[in-house]
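Have a look at model-v1.cif below; it lists mmCIF, C-alpha atoms.
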```
data_entry
#
loop_
_atom_site.label_atom_id
_atom_site.label_comp_id
_atom_site.auth_asym_id
_atom_site.auth_seq_id
_atom_site.Cartn_x
_atom_site.Cartn_y
_atom_site.Cartn_z
CA MET A 1158 106.57 44.48 -39.16
CA LYS A 1159 104.51 45.67 -42.12
CA GLN A 1160 102.45 48.78 -41.38
CA LYS A 1161 98.75 48.70 -42.34
CA SER A 1162 97.86 51.26 -44.95
CA ASN A 1163 95.62 54.11 -43.83
CA ILE A 1164 92.83 52.92 -46.08
CA ILE A 1165 92.84 49.47 -44.39
CA LYS A 1166 92.95 51.08 -40.93
CA ASN A 1167 89.92 53.18 -41.79
CA ASN A 1168 87.99 50.25 -43.25
CA GLU A 1169 85.96 48.69 -40.45
CA TYR A 1170 86.03 44.94 -39.83
CA CYS A 1171 88.94 44.04 -42.05
CA THR A 1172 92.54 42.97 -42.03
CA GLU A 1173 94.99 43.07 -44.90
CA ALA A 1174 94.66 39.28 -45.32
CA HIS A 1175 90.85 39.49 -45.37
CA VAL A 1176 90.86 42.21 -48.00
CA ASP A 1177 93.36 40.22 -50.09
CA GLN A 1178 91.11 37.15 -49.91
CA LEU A 1179 88.03 39.18 -50.91
CA THR A 1180 90.02 40.73 -53.76
CA GLU A 1181 91.09 37.31 -55.02
CA LEU A 1182 87.53 35.97 -54.82
CA SER A 1183 86.23 39.06 -56.61
CA TRP A 1184 88.78 38.51 -59.36
CA GLN A 1185 87.69 34.88 -59.71
CA LEU A 1186 84.04 35.95 -59.94
CA LEU A 1187 84.84 38.57 -62.57
CA SER A 1188 87.01 36.17 -64.54
CA SER A 1189 84.53 33.27 -64.39
CA MET A 1190 81.35 35.21 -64.99
CA LEU A 1191 82.30 37.77 -67.58
CA TYR A 1192 85.42 36.39 -69.22
CA PHE A 1193 84.62 32.67 -69.06
CA SER A 1194 87.89 31.99 -67.18
CA PHE A 1195 90.07 33.26 -70.02
CA LEU A 1196 93.74 33.13 -69.08
CA PHE A 1197 95.04 36.69 -68.82
CA SER A 1198 98.63 37.76 -68.26
CA GLN A 1199 99.83 38.16 -64.68
CA TYR A 1200 100.20 41.87 -65.36
CA GLU A 1201 96.54 42.19 -66.44
CA ILE A 1202 95.37 40.21 -63.42
CA LEU A 1203 97.41 42.38 -61.06
CA GLN A 1204 96.12 45.63 -62.59
CA THR A 1205 92.54 44.42 -62.32
CA LYS A 1206 93.01 43.27 -58.73
CA ILE A 1207 94.32 46.72 -57.81
CA LEU A 1208 91.09 48.26 -59.14
CA ILE A 1209 88.96 45.63 -57.39
CA LYS A 1210 90.76 46.20 -54.09
CA ARG A 1211 90.25 49.95 -54.44
CA PHE A 1212 86.52 49.35 -54.87
CA LEU A 1213 86.32 46.99 -51.88
CA LEU A 1214 88.14 49.45 -49.66
CA SER A 1215 85.88 52.30 -50.74
CA ALA A 1216 83.10 50.62 -48.74
CA ASN A 1217 82.93 51.05 -44.96
CA ASP A 1218 83.12 47.27 -44.73
CA ALA A 1219 85.16 45.33 -47.30
CA TYR A 1220 82.78 42.34 -47.00
CA LYS A 1221 79.83 44.55 -47.96
CA GLY A 1222 81.90 45.87 -50.86
CA TYR A 1223 82.60 42.28 -51.94
CA VAL A 1224 78.90 41.36 -51.84
CA GLU A 1225 78.00 44.46 -53.85
CA PHE A 1226 80.79 43.80 -56.35
CA SER A 1227 79.67 40.19 -56.80
CA GLN A 1228 76.06 41.12 -57.42
CA ARG A 1229 77.04 43.83 -59.88
CA ILE A 1230 79.15 41.28 -61.80
CA MET A 1231 76.20 38.88 -61.92
CA LEU A 1232 73.91 41.66 -63.16
CA ALA A 1233 76.47 42.67 -65.80
CA ARG A 1234 76.66 39.04 -66.93
CA GLU A 1235 72.89 38.91 -67.35
CA LYS A 1236 72.87 42.13 -69.36
CA MET A 1237 75.73 40.88 -71.52
CA ILE A 1238 73.98 37.57 -72.27
CA LYS A 1239 70.67 39.29 -73.07
CA SER A 1240 72.26 41.82 -75.40
CA LYS A 1241 72.56 41.18 -79.10
CA LYS A 1242 76.36 41.31 -78.80
CA PRO A 1243 77.19 39.14 -75.77
CA VAL A 1244 80.92 39.83 -75.95
CA LEU A 1245 82.96 42.15 -73.77
CA CYS A 1246 85.00 44.52 -75.87
CA SER A 1247 87.70 45.24 -73.31
CA ILE A 1248 90.14 43.58 -71.00
CA PRO A 1249 89.21 43.44 -67.30
CA SER A 1250 91.45 46.32 -66.17
CA ILE A 1251 89.80 48.64 -68.69
CA TRP A 1252 86.31 47.31 -67.91
CA MET A 1253 86.95 47.91 -64.18
CA HIS A 1254 88.41 51.40 -64.58
CA GLU A 1255 86.14 54.17 -63.29
CA THR A 1256 86.60 56.23 -66.45
CA PHE A 1257 85.22 53.45 -68.69
CA LYS A 1258 81.51 54.25 -68.63
CA GLY A 1259 80.48 51.04 -70.40
CA GLY A 1260 82.12 48.81 -67.82
CA PHE A 1261 81.81 48.26 -64.11
CA GLU A 1262 80.73 51.87 -63.64
CA ALA A 1263 77.57 51.13 -65.66
CA THR A 1264 76.54 48.36 -63.26
CA GLU A 1265 75.84 50.83 -60.47
CA SER A 1266 72.39 51.66 -61.85
CA PHE A 1267 71.54 47.92 -62.15
CA TYR A 1268 72.60 47.43 -58.54
CA LEU A 1269 70.63 50.43 -57.26
CA SER A 1270 67.50 49.06 -58.97
CA LEU A 1271 68.11 45.71 -57.27
CA ILE A 1272 68.48 47.36 -53.85
CA THR A 1273 65.32 49.41 -54.41
CA MET A 1274 63.34 46.25 -55.20
CA ARG A 1275 64.71 44.54 -52.09
CA LYS A 1276 63.32 47.31 -49.90
CA THR A 1277 59.81 46.06 -50.66
CA CYS A 1278 60.65 42.43 -51.38
CA PRO A 1279 63.75 41.45 -49.33
CA LEU A 1280 64.35 38.12 -51.08
CA TYR A 1281 64.16 39.60 -54.58
CA ARG A 1282 66.95 38.02 -56.68
CA ILE A 1283 68.56 36.64 -53.51
CA GLU A 1284 70.47 34.12 -55.60
CA LEU A 1285 72.80 36.94 -56.64
CA ARG A 1286 73.82 37.52 -53.04
CA ALA A 1287 73.93 33.78 -52.38
CA VAL A 1288 76.61 33.29 -55.04
CA ALA A 1289 78.87 35.79 -53.25
CA GLU A 1290 78.25 34.16 -49.89
CA ALA A 1291 78.73 30.64 -51.24
CA VAL A 1292 82.02 31.52 -52.94
CA LEU A 1293 83.34 33.08 -49.74
CA GLU A 1294 82.18 30.22 -47.53
CA LEU A 1295 83.59 27.54 -49.82
CA SER A 1296 86.89 29.38 -50.09
CA GLU A 1297 87.20 29.46 -46.31
CA CYS A 1298 85.89 25.97 -45.62
CA PRO A 1299 85.94 23.80 -48.77
CA THR A 1300 84.27 20.75 -47.29
CA HIS A 1301 82.02 18.16 -48.87
CA ASN A 1302 79.13 19.23 -46.61
CA ASN A 1303 79.46 22.92 -47.54
CA PHE A 1304 79.58 22.06 -51.22
CA ARG A 1305 76.52 19.80 -50.92
CA TYR A 1306 74.63 22.48 -48.96
CA TRP A 1307 75.19 25.16 -51.61
CA ARG A 1308 74.58 22.80 -54.52
CA GLN A 1309 71.26 21.77 -52.97
CA TRP A 1310 70.37 25.40 -52.17
CA PHE A 1311 70.74 26.45 -55.82
CA GLN A 1312 69.10 23.27 -57.19
CA GLU A 1313 66.03 23.56 -54.96
CA ARG A 1314 65.46 27.11 -56.16
CA GLY A 1315 66.07 26.32 -59.82
CA HIS A 1316 69.22 28.43 -60.09
CA LEU A 1317 71.36 25.92 -61.96
CA GLN A 1318 73.28 28.54 -63.96
CA GLU A 1319 74.40 30.22 -60.75
CA MET A 1320 75.39 26.82 -59.33
CA TYR A 1321 77.60 26.10 -62.36
CA LEU A 1322 79.18 29.54 -62.11
CA LEU A 1323 79.84 28.98 -58.42
CA ASN A 1324 81.51 25.65 -59.21
CA ASP A 1325 83.72 27.22 -61.87
CA CYS A 1326 84.71 30.11 -59.66
CA ILE A 1327 85.54 28.04 -56.59
CA VAL A 1328 87.50 25.42 -58.55
CA HIS A 1329 89.64 28.16 -60.08
CA TYR A 1330 90.14 29.76 -56.68
CA LEU A 1331 91.10 26.54 -54.91
CA LEU A 1332 93.40 25.37 -57.70
CA LYS A 1333 94.97 28.84 -58.04
CA VAL A 1334 94.26 28.87 -61.78
#
```
Using structure tokens, write down the structure that the file contains.
Amino acid sequence: MKQKSNIIKNNEYCTEAHVDQLTELSWQLLSSMLYFSFLFSQYEILQTKILIKRFLLSANDAYKGYVEFSQRIMLAREKMIKSKKPVLCSIPSIWMHETFKGGFEATESFYLSLITMRKTCPLYRIELRAVAEAVLELSECPTHNNFRYWRQWFQERGHLQEMYLLNDCIVHYLLKV
């Protein structure tokens, strides 16, 4: 029988399989939203997933880590698109590494600003959190009704870009692309 690592044991509310699923979904979000589903080598994907998993396990609850990660990726995507050079200059494993200050590490300040705004206005930019929740729900229960619910949720609120990103991410996850 495989022994749980100490970091999994200490992480409330999670099993190895749950953390692996959240890591895979986080990878799909990162790949879809920042790298436009570019096909990286298996080695690059594995190295990036190791860094993602480390981040998820650094939270007291891996699910909360996943939701934070997802929102930070969405915020990074917005910043990238609004910048004059909307191109990432590194591969995902470098962008995710804690020593690369222009990568994932830089999204912490965006996320903290988002959380601060939500203290006074709880639904502020809620679509960012909804993408994370929709991806997880559709990965666990990919039914027609779930898909229609989330599609309608994003359409009614005018968040079509997020809906298209959700579609791309979940298709890649379900097809194991």
Within 10 Å of region 1182-1185 of chain A, which residues of region 1192-1267 of chain A come that close, and what is the closest atom pair and distance in Å for each? Count all atoms listed in the file and give it as CSV.
```
residue,atom,partner,partner_atom,distance
A:Tyr1192,CA,A:Gln1185,CA,9.9
A:Ser1194,CA,A:Gln1185,CA,8.0
A:Ile1202,CA,A:Trp1184,CA,7.9
A:Leu1203,CA,A:Trp1184,CA,9.6
A:Thr1205,CA,A:Trp1184,CA,7.6
A:Lys1206,CA,A:Trp1184,CA,6.4
A:Ile1209,CA,A:Ser1183,CA,7.2
A:Lys1210,CA,A:Ser1183,CA,8.8
A:Leu1213,CA,A:Ser1183,CA,9.2
A:Gly1222,CA,A:Ser1183,CA,9.9
A:Tyr1223,CA,A:Ser1183,CA,6.7
A:Val1224,CA,A:Ser1183,CA,9.0
A:Phe1226,CA,A:Ser1183,CA,7.2
A:Ser1227,CA,A:Ser1183,CA,6.7
A:Ile1230,CA,A:Ser1183,CA,9.1
A:Pro1249,CA,A:Trp1184,CA,9.4
```
Report as a CSV table (one decimal) with C-alpha atoms, keeping the file's coordinate frame the residues that result from applying the PyMOL selection byres ((chain A and resi 1301-1308) around 12) to the structure here.
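The resulting file, result.csv, is reproduced below:
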```
chain,number,residue,atom,x,y,z
A,1284,GLU,CA,70.5,34.1,-55.6
A,1287,ALA,CA,73.9,33.8,-52.4
A,1288,VAL,CA,76.6,33.3,-55.0
A,1289,ALA,CA,78.9,35.8,-53.2
A,1290,GLU,CA,78.2,34.2,-49.9
A,1291,ALA,CA,78.7,30.6,-51.2
A,1292,VAL,CA,82.0,31.5,-52.9
A,1293,LEU,CA,83.3,33.1,-49.7
A,1294,GLU,CA,82.2,30.2,-47.5
A,1295,LEU,CA,83.6,27.5,-49.8
A,1296,SER,CA,86.9,29.4,-50.1
A,1297,GLU,CA,87.2,29.5,-46.3
A,1298,CYS,CA,85.9,26.0,-45.6
A,1299,PRO,CA,85.9,23.8,-48.8
A,1300,THR,CA,84.3,20.8,-47.3
A,1309,GLN,CA,71.3,21.8,-53.0
A,1310,TRP,CA,70.4,25.4,-52.2
A,1311,PHE,CA,70.7,26.4,-55.8
A,1312,GLN,CA,69.1,23.3,-57.2
A,1313,GLU,CA,66.0,23.6,-55.0
A,1314,ARG,CA,65.5,27.1,-56.2
A,1315,GLY,CA,66.1,26.3,-59.8
A,1316,HIS,CA,69.2,28.4,-60.1
A,1317,LEU,CA,71.4,25.9,-62.0
A,1318,GLN,CA,73.3,28.5,-64.0
A,1319,GLU,CA,74.4,30.2,-60.8
A,1320,MET,CA,75.4,26.8,-59.3
A,1321,TYR,CA,77.6,26.1,-62.4
A,1322,LEU,CA,79.2,29.5,-62.1
A,1323,LEU,CA,79.8,29.0,-58.4
A,1324,ASN,CA,81.5,25.6,-59.2
A,1327,ILE,CA,85.5,28.0,-56.6
A,1328,VAL,CA,87.5,25.4,-58.6
```
Could you list the residues chosen by the PyMOL selection byres ((chain A and resi 1229) around 10) in this structure as a ChimeraX atom specification? /A:1187,1223-1228,1230-1235,1261-1269,1271,1285-1286
Pick from A:Val1334, A:Lys1276, A:Ser1247, A:Asp1177 nearest to Gln1199 (chain A), counting all atoms listed in the file: A:Val1334
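Taking CA of Leu1214 (chain A) and CA of Leu1332 (chain A) as endpoints, the distance between them is 25.9 Å.
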